[in-house]
Amino acid sequence: MYMNDSLEITPSTQGTDGTTEKNIVIALDTANEVIALGLGVLHPDAKSITVLESISVPAHRASNTRLIPELDALMKRQGISHASLASVCCGRGPGSFTGVRICMATAKGIASACEVPLCGVSTLDALAWEVWQDGVRGSLWVLADAMRKEIYPVLYLLDDAGAHRQSADCVMKADVTPAYVFELTPQDVPVYLTGDALHKYSELFDDSYTFLDGRFWTPVGAGLLHCLEDAWQQGVMDPFDRERHNPALALPVYTRLSDAEENERIRLAKNSPKNLHTGVSEEGLRADQRACAHDSVIANAQADATGILYRPLDAEHAADVAHLESLLMGSDAWSESLVLDDLFRSDRVWWAAYETRPDGAGQPRPARLMGYAGAWIVAGDMQILKVAVIPEARRQGVARTLLGHVAQDARDLGAHTASLEVRVSNEGARASYEKLGFSCIGTRPGYYSDGEDAAIYQGPLPLLSHDVAGITLRCQETSEERQGDSSEPSHPLILAIESSCDETAAAIVDGSGSLLSDVVASQIDFHARFGGVVPEIASRKHIEAICGVCDECLDVAARQLGRAALSWKDLDAIAVTQAPGLVGALVVGVAFAKGAAWGAEIPLVGVNHLEGHLYANKIATPDIQPPMVVSLVSGGHTMLVHARAWGDYVTLGSTIDDAVGEAFDKVAKALGLGYPGGPIISRLAAQGDPRAIRFPRAMMHSHDLRFSLSGLKTAVMTYIQKEQAQGHELNLPDIAASFQQAVIDVQVAKAKTALIETQAREFCLGGGVAANPALRAAYADMCADLGVRLTLPPMSACTDNAGMIALVAFDRLQQGQVLSWDADAHAHAPLDELR
Ligand code: KG4
Ligand code: ZN
């Protein structure tokens, strides 16, 4: 029934009543160096799919630019309209991380905008089905290139009934793969090899294997569609069921953690005192950090000392775990050496929860161990080894949160189900697992050392209980009450997406230029342990959060309008931050926005992130008008810009080394104070003496508008080392205040020069550091002296958000500046070249 290039079957886009029938599925995959695309007709009665066209186009590092143009051309070739789209099917990998994310983000965008299900299938299964379709029978190894001298190997049995997977997704070094393949391969059947790893590693496999033709090494669309058809017939998927296949739920297959997390695991498993200083991911700090970054209470905010801190278990606490084991687990308690031995293994995941106590700087530090959870990832299943919480901390969701963290890592290691054993007599635990969606699948007689039976439970991976992707969403109150009670918005309505760094954000602006909604998911908690933003983690979180953030953004806008709902179909354009930023993070937003704009058949607007920070001033001060001088100060940028008109900018000077925010972050790190440093330093500085230590004011008299901050950072670090060497206790507030003052003096002096040179009568700020209260106060004094009007962005609009992106897009759309489908994300983009 599979017919490539078939002319016999024409898509039935016209229903009998003249309306367009929704029965078309598109399939896409960019996990490898090709773009695989398929178009099929869904037959609900037979649960079968007819392939209309299936292609594979070589696209070395070009999936983002070429995916939509190829798909668009395919649809036109086949005469298929968007209205007949019923479902989207996308390859989940494993493959290149970025490649998988481009495909998945695009597919999520299309499925969201077209309001159809998104079915994720395995890229490797799709390959196996292609080989099966060609008539091959026997054992098949799909060996996909995992880069960095590694392979993703999966074994299949191909018989007349279909392609049957025999092993779970995993990744391993290329040189040990032949031994793994040999060990698992059944005897006495023909054994075939395929997959793009053969380009590099075919010589590792001897001639007892049959190598398939190169055209089977990467997927084509038909393989994806066949995979979906099989899952449909097995009852595992239903391409018409949007609830089951909500686009938010589709996630890539990674089989490994990010490098930063892997290295952290290795460090934590070693019994070294440094373990305790690897940073934190704490529940209790969240509210506080938000307050610092986004509210006007910075100076007064105190760390929440009662918070619970969650982080991967380290060797330092193995003895504490063993102690709790002996109290809670009776004869089945693990000893310290057993725990330590387990921590070392790469297929185990352990998380711990601690009660916190504030340190000298008011930062919560781990005090008492309150609970822990550990799991073993075996063949795609997360087998829960331990979950324990001290009696005083029960019924607060600690166990659940611990399991959520463990499951999040387990999923990245290739797990898709969870299982555990529990004493048959433990009614409470059994009930709580049933609440998590687990069901009892049998018993293990005499499993426990006292002879009691174990009930075996299996279920889905438990999720962290937050709004999206383990993140609590922040929804900005929109600035004005809406006039009148009309639920009809003024057009054009633009939904803007921001994903350049560690916030996933979406906002909607209406035809009058006011924001209807502004939603941010900040990933700070997932990066804080590492003392800075980890690009790979940021990209992963964007893909997890983007649908939920956009859905919430539409819901908030609907509420604001007093309507029951607002859908993608009501929008007139999609906007997205295109540059500058972390390219792997930008790519997720750009691919998603492109998919959504293409799906909704509306224009796509690209926005420069820095121009967004400038426009953030409009949120609270809509009448702000160039010409003006702008200071952009964030974690990645430090510059003075002359805005001659909206869209017309001249950079007057920028930093020659570190950015201001970066300096705050590095100084905070040197003082052992956590991340991000800006809010922590500014809070400490409020209690210190800015004249206590004389730090250098770099380039103060350089007679230009450039900045340098690495010297100041080094001076602070040298000072800290010297004080410590002399046995002095560090005066944290004085160090923070003196460092901050050195920054402010230079920033203000150069801004003043810029204002005098350009004769501008307006001055404004943008970027995360613009939230610094002392800097804001210093600018107020300087501007008052010069008689210049000062505009300060609201605290909530200083850090990254999509409201500011939407406001830029509002202007750009009016000027007709829209992107074509081959647009890409860029790490760098100077403001001066916008026109
Ligand atoms: O604009 P943003 O959210 O992200 C980038 O595009 O970099 O800025 C984040 C930066 C971080 O370096 C953070 O430490 C800094 O802004 N920051 C602050 C303050 N709040 C955030 N720096 C100084 N004082 C603050 N209150
Ligand atoms: Zn920014």
# chains A, B, ... in the order shown; residues from 1 in each chain; ligands from 1
>>> residues_around(residues="region 777-785 of chain A", least_positions_apart="6", cutoff="8 Å", atoms="only C-alpha atoms", output="list in words")
Ile744, Val748, Lys752 and Phe763 of chain A
>>> residues_near_ligand(ligand="ligand 1", cutoff="9 Å", atoms="only C-alpha atoms and all ligand atoms", output="number ranges by chain")
A: 292-294, 298, 500-503, 532, 581, 609-610, 613, 632-637, 659-666, 668, 675-683, 740, 766-775, 795, 797-801
>>> select_by_dssp(residues="region 331-574 of chain A", states="alpha helix (DSSP H)", output="VMD selection string")
chain A and resid 336 to 343 398 to 412 427 to 435 524 to 527 535 to 561
>>> closest_residue(among="A:Ala575, A:Ala760, A:Val236, A:Gly688", to="Gln817 (chain A)", atoms="only C-alpha atoms")
A:Ala575
>>> closest_atom_pairs(of="region 96-206 of chain A", to="region 582-605 of chain A", cutoff="8 Å", atoms="only C-alpha atoms", output="JSON lines")
{"residue": "A:Thr98", "atom": "CA", "partner": "A:Gly584", "partner_atom": "CA", "distance": 6.8}
{"residue": "A:Arg101", "atom": "CA", "partner": "A:Val588", "partner_atom": "CA", "distance": 6.6}
{"residue": "A:Ile102", "atom": "CA", "partner": "A:Ala591", "partner_atom": "CA", "distance": 5.9}
{"residue": "A:Cys103", "atom": "CA", "partner": "A:Ala591", "partner_atom": "CA", "distance": 7.8}
{"residue": "A:Ala105", "atom": "CA", "partner": "A:Phe592", "partner_atom": "CA", "distance": 4.5}
{"residue": "A:Thr106", "atom": "CA", "partner": "A:Gly595", "partner_atom": "CA", "distance": 4.5}
{"residue": "A:Ala107", "atom": "CA", "partner": "A:Gly595", "partner_atom": "CA", "distance": 6.4}
{"residue": "A:Lys108", "atom": "CA", "partner": "A:Phe592", "partner_atom": "CA", "distance": 6.4}
{"residue": "A:Gly109", "atom": "CA", "partner": "A:Ala596", "partner_atom": "CA", "distance": 4.0}
{"residue": "A:Ile110", "atom": "CA", "partner": "A:Gly595", "partner_atom": "CA", "distance": 4.6}
{"residue": "A:Ala111", "atom": "CA", "partner": "A:Gly599", "partner_atom": "CA", "distance": 7.5}
{"residue": "A:Ser112", "atom": "CA", "partner": "A:Ala596", "partner_atom": "CA", "distance": 6.7}
{"residue": "A:Ala113", "atom": "CA", "partner": "A:Ala596", "partner_atom": "CA", "distance": 5.0}
{"residue": "A:Cys114", "atom": "CA", "partner": "A:Gly599", "partner_atom": "CA", "distance": 5.6}
>>> residues_around(residues="region 156-168 of chain A", least_positions_apart="2", cutoff="6 Å", atoms="only C-alpha atoms", output="list in words")
Trp129, Arg137, Gly138, Ser139, Leu140, Val154, Ala379 and Gly380 of chain A
>>> write_last_selection(atoms="N, CA and C atoms", output="mmCIF file, in the first residue's frame")
data_model
loop_
_atom_site.group_PDB
_atom_site.id
_atom_site.type_symbol
_atom_site.label_atom_id
_atom_site.label_comp_id
_atom_site.auth_asym_id
_atom_site.auth_seq_id
_atom_site.Cartn_x
_atom_site.Cartn_y
_atom_site.Cartn_z
ATOM 1 N N TRP A 129 11.897 0.972 9.353
ATOM 2 C CA TRP A 129 10.687 0.719 8.557
ATOM 3 C C TRP A 129 10.942 0.899 7.062
ATOM 4 N N ARG A 137 14.558 -8.770 5.252
ATOM 5 C CA ARG A 137 14.089 -9.533 6.413
ATOM 6 C C ARG A 137 15.299 -10.114 7.133
ATOM 7 N N GLY A 138 15.242 -10.106 8.466
ATOM 8 C CA GLY A 138 16.366 -10.609 9.251
ATOM 9 C C GLY A 138 16.648 -9.649 10.392
ATOM 10 N N SER A 139 17.903 -9.643 10.870
ATOM 11 C CA SER A 139 18.279 -8.703 11.929
ATOM 12 C C SER A 139 18.863 -7.452 11.303
ATOM 13 N N LEU A 140 18.498 -6.307 11.878
ATOM 14 C CA LEU A 140 18.990 -5.034 11.341
ATOM 15 C C LEU A 140 19.540 -4.181 12.469
ATOM 16 N N VAL A 154 20.800 0.714 17.523
ATOM 17 C CA VAL A 154 19.551 0.029 17.914
ATOM 18 C C VAL A 154 19.345 -1.191 17.017
ATOM 19 N N ALA A 379 17.230 0.014 29.750
ATOM 20 C CA ALA A 379 16.442 -0.232 28.540
ATOM 21 C C ALA A 379 15.214 0.677 28.436
ATOM 22 N N GLY A 380 15.432 1.965 28.599
ATOM 23 C CA GLY A 380 14.343 2.923 28.411
ATOM 24 C C GLY A 380 13.401 3.024 29.590
#
>>> select_by_dssp(residues="region 15-185 of chain A", states="strand (DSSP E)", output="PyMOL selection string")
chain A and resi 24-29+34-43+48-58+85-91+118-121+138-145+150-159+162-165+172-173
